[in-house]
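Colleague: Handing you a structure now.
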Amino acid sequence: MTADAALVCRCLTGDPTACREMVERFRADIFAVCNRLLSHVHDAEDVTQEVFLRIFRSLRRWDSTRPLRPWVLGITVNRCRTWMGRRAKNPELADYLHETPDHRPTDDSTELRVEIRAAVDDLRDEYREVFVLFHESGQSYEEIAEAVGRPVGTVKTWLHRARLELLDRLRSRGLVPDEPTADTPHSGSRQ
């Protein structure tokens, strides 16, 4: 029996220590994905709680021949999708605060980071999910594929497209140079 299966079995028997261990093991990862996909710390906290409720309700359906982490992240992504769908139907006043002008002085050292975050936030949901899971949560293609319920090839395609969209946006804002043309020598190229 794997460590994942043993932990799940202990949780299913109602062992409070195992339940705490499950929460401690996955809390940081779940919150990080929620926070990044939802872009709002309070929503991320709420969805993290919902994710754990869903995990504990669904433990009997987990396939013990598969790793636990991608299954947990799959639930996380699905709960975030549901939350975003509800939020889109019923926006709150706080959802419009980003549209108010910011009168703070700009810090040039953070401009690129802020622009990248905004660009990621503007990606299609599927692209943003795989981008966050790969680049910010360090998940493998296989783990992401399991988490989002798509083939590995689809995950790779979505990740590639997300990167291209980010690069195009950064180029259009003048934050990264345009690609060199055929008649522009590359640095370090032979002539």
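Labels used: A, B, ... for chains in the order of the structure tokens, numbers from 1 for residues in each chain, and numbers from 1 for ligands as shown.
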Fewer than 2 positions away in the same chain doesn't count, so skip those; otherwise give me all residues within 12 Å of Glu146 (chain A), counting only C-alpha atoms, as a PyMOL selection string.

Modeller: chain A and resi 63+66-78+130+133+139-144+148-155

Colleague: Any chance you can output those residues with N, CA, C and O atoms as a compact mmCIF listing (two decimals), in the first residue's frame?

Modeller:
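Dumped everything to result.txt:
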```txt
# COMPACT_ATOMS: atom_id res chain seq x y z
N ASP A 63 -9.00 6.82 -6.96
CA ASP A 63 -8.42 5.59 -7.50
C ASP A 63 -7.03 5.41 -6.90
O ASP A 63 -6.09 6.13 -7.25
N ARG A 66 -3.61 5.54 -8.67
CA ARG A 66 -3.11 6.80 -9.23
C ARG A 66 -2.60 7.69 -8.11
O ARG A 66 -3.03 7.56 -6.97
N PRO A 67 -1.71 8.62 -8.43
CA PRO A 67 -1.19 9.53 -7.39
C PRO A 67 -2.30 10.42 -6.83
O PRO A 67 -3.23 10.80 -7.54
N LEU A 68 -2.16 10.78 -5.58
CA LEU A 68 -3.16 11.59 -4.90
C LEU A 68 -3.07 13.07 -5.28
O LEU A 68 -4.10 13.73 -5.46
N ARG A 69 -1.87 13.60 -5.42
CA ARG A 69 -1.68 15.03 -5.67
C ARG A 69 -2.42 15.53 -6.92
O ARG A 69 -3.15 16.52 -6.84
N PRO A 70 -2.30 14.89 -8.09
CA PRO A 70 -3.05 15.38 -9.26
C PRO A 70 -4.56 15.33 -9.05
O PRO A 70 -5.29 16.20 -9.54
N TRP A 71 -5.04 14.32 -8.32
CA TRP A 71 -6.47 14.22 -8.03
C TRP A 71 -6.91 15.41 -7.19
O TRP A 71 -7.93 16.04 -7.47
N VAL A 72 -6.11 15.75 -6.17
CA VAL A 72 -6.40 16.89 -5.30
C VAL A 72 -6.37 18.19 -6.11
O VAL A 72 -7.25 19.04 -5.98
N LEU A 73 -5.36 18.34 -6.97
CA LEU A 73 -5.27 19.56 -7.78
C LEU A 73 -6.39 19.64 -8.81
O LEU A 73 -6.84 20.73 -9.16
N GLY A 74 -6.85 18.50 -9.28
CA GLY A 74 -8.00 18.48 -10.19
C GLY A 74 -9.25 19.02 -9.51
O GLY A 74 -10.00 19.82 -10.09
N ILE A 75 -9.47 18.60 -8.28
CA ILE A 75 -10.59 19.13 -7.51
C ILE A 75 -10.41 20.63 -7.31
O ILE A 75 -11.37 21.41 -7.43
N THR A 76 -9.19 21.04 -7.03
CA THR A 76 -8.90 22.46 -6.81
C THR A 76 -9.24 23.29 -8.05
O THR A 76 -9.93 24.32 -7.96
N VAL A 77 -8.77 22.85 -9.20
CA VAL A 77 -9.04 23.58 -10.44
C VAL A 77 -10.54 23.62 -10.72
O VAL A 77 -11.09 24.67 -11.09
N ASN A 78 -11.23 22.51 -10.52
CA ASN A 78 -12.68 22.48 -10.76
C ASN A 78 -13.43 23.41 -9.82
O ASN A 78 -14.36 24.10 -10.23
N VAL A 130 -3.19 25.74 -16.72
CA VAL A 130 -2.00 24.93 -16.95
C VAL A 130 -0.73 25.75 -16.71
O VAL A 130 0.27 25.22 -16.21
N LEU A 133 -0.29 25.91 -12.89
CA LEU A 133 0.10 24.60 -12.36
C LEU A 133 1.53 24.25 -12.73
O LEU A 133 2.27 23.68 -11.93
N GLN A 139 4.13 21.56 -11.19
CA GLN A 139 3.57 20.24 -11.51
C GLN A 139 4.10 19.76 -12.85
O GLN A 139 4.38 20.56 -13.75
N SER A 140 4.20 18.46 -13.01
CA SER A 140 4.64 17.87 -14.28
C SER A 140 3.48 17.90 -15.28
O SER A 140 2.32 18.09 -14.90
N TYR A 141 3.80 17.66 -16.55
CA TYR A 141 2.76 17.61 -17.57
C TYR A 141 1.72 16.54 -17.22
O TYR A 141 0.52 16.76 -17.38
N GLU A 142 2.19 15.40 -16.77
CA GLU A 142 1.30 14.29 -16.45
C GLU A 142 0.37 14.65 -15.28
O GLU A 142 -0.83 14.34 -15.31
N GLU A 143 0.92 15.30 -14.26
CA GLU A 143 0.11 15.70 -13.11
C GLU A 143 -0.94 16.74 -13.53
O GLU A 143 -2.09 16.69 -13.08
N ILE A 144 -0.53 17.67 -14.37
CA ILE A 144 -1.46 18.69 -14.84
C ILE A 144 -2.56 18.04 -15.68
O ILE A 144 -3.74 18.37 -15.53
N VAL A 148 -6.49 18.52 -14.78
CA VAL A 148 -7.46 19.22 -15.61
C VAL A 148 -8.29 18.28 -16.48
O VAL A 148 -9.18 18.72 -17.20
N GLY A 149 -7.99 16.99 -16.42
CA GLY A 149 -8.77 16.01 -17.17
C GLY A 149 -8.59 16.07 -18.67
O GLY A 149 -9.53 15.86 -19.43
N ARG A 150 -7.38 16.36 -19.11
CA ARG A 150 -7.07 16.43 -20.54
C ARG A 150 -5.81 15.62 -20.83
O ARG A 150 -4.98 15.40 -19.94
N PRO A 151 -5.60 15.23 -22.08
CA PRO A 151 -4.38 14.50 -22.43
C PRO A 151 -3.14 15.39 -22.27
O PRO A 151 -3.22 16.62 -22.34
N VAL A 152 -1.99 14.74 -22.08
CA VAL A 152 -0.73 15.46 -21.91
C VAL A 152 -0.46 16.36 -23.11
O VAL A 152 0.00 17.49 -22.96
N GLY A 153 -0.77 15.88 -24.31
CA GLY A 153 -0.55 16.69 -25.52
C GLY A 153 -1.34 17.99 -25.49
O GLY A 153 -0.84 19.04 -25.90
N THR A 154 -2.56 17.93 -25.00
CA THR A 154 -3.39 19.13 -24.88
C THR A 154 -2.78 20.10 -23.88
O THR A 154 -2.72 21.31 -24.11
N VAL A 155 -2.31 19.55 -22.76
CA VAL A 155 -1.67 20.39 -21.74
C VAL A 155 -0.46 21.10 -22.33
O VAL A 155 -0.28 22.31 -22.14
```

Colleague: For Arg117 (chain A), please output as number ranges by chain all residues within 12 Å (counting only C-alpha atoms; exclusion window: fewer than 2 positions along the same chain).

Modeller: A: 36-37, 39, 110-115, 119-123, 128, 131-132, 136, 166, 169-170

Colleague: Just to confirm, what's the straight-line distance from CA of Ala44 (chain A) to CA of Ser137 (chain A) in Å (one decimal)?

Modeller: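 Distance between the two atoms: 15.0 Å.
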
Colleague: Between CA of Ser64 (chain A) and CA of Ala3 (chain A), what is the spacing in Å?

Modeller: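 Atom-to-atom, CA of Ala3 (chain A) and CA of Ser64 (chain A) are spaced 10.2 Å apart.
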
Colleague: Do you have the CA of Arg27 (chain A)-CA of Thr48 (chain A) distance handy?

Modeller: 7.6 Å

Colleague: Among region 10-184 of chain A, which ones does DSSP assign to alpha helix (DSSP H) (computed from the backbone)? Answer as a ChimeraX atom specification.

Modeller: /A:10-12,16-38,41-58,68-89,111-121,125-131,141-148,152-172

Colleague: Find the residues around Val23 (chain A) up to 12 Å (only C-alpha atoms counted), leave out those fewer than 6 positions away in its own chain, and share them as a list in words.

Modeller: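 Contacts, in chain order: Leu7, Val8, Cys11, Pro16, Thr17, Asp29, Ile30, Phe31, Thr48, Gln49, Val51, Phe52, Leu53, Ile55, Phe56 and Val72 of chain A.
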
Colleague: Find, counting only C-alpha atoms, the residue in A:Ile116, A:Gly138, A:Arg61, A:Met84 that gets nearest to Arg171 (chain A).

Modeller: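 Using only C-alpha atoms, Arg171 (chain A) sits closest to A:Ile116.
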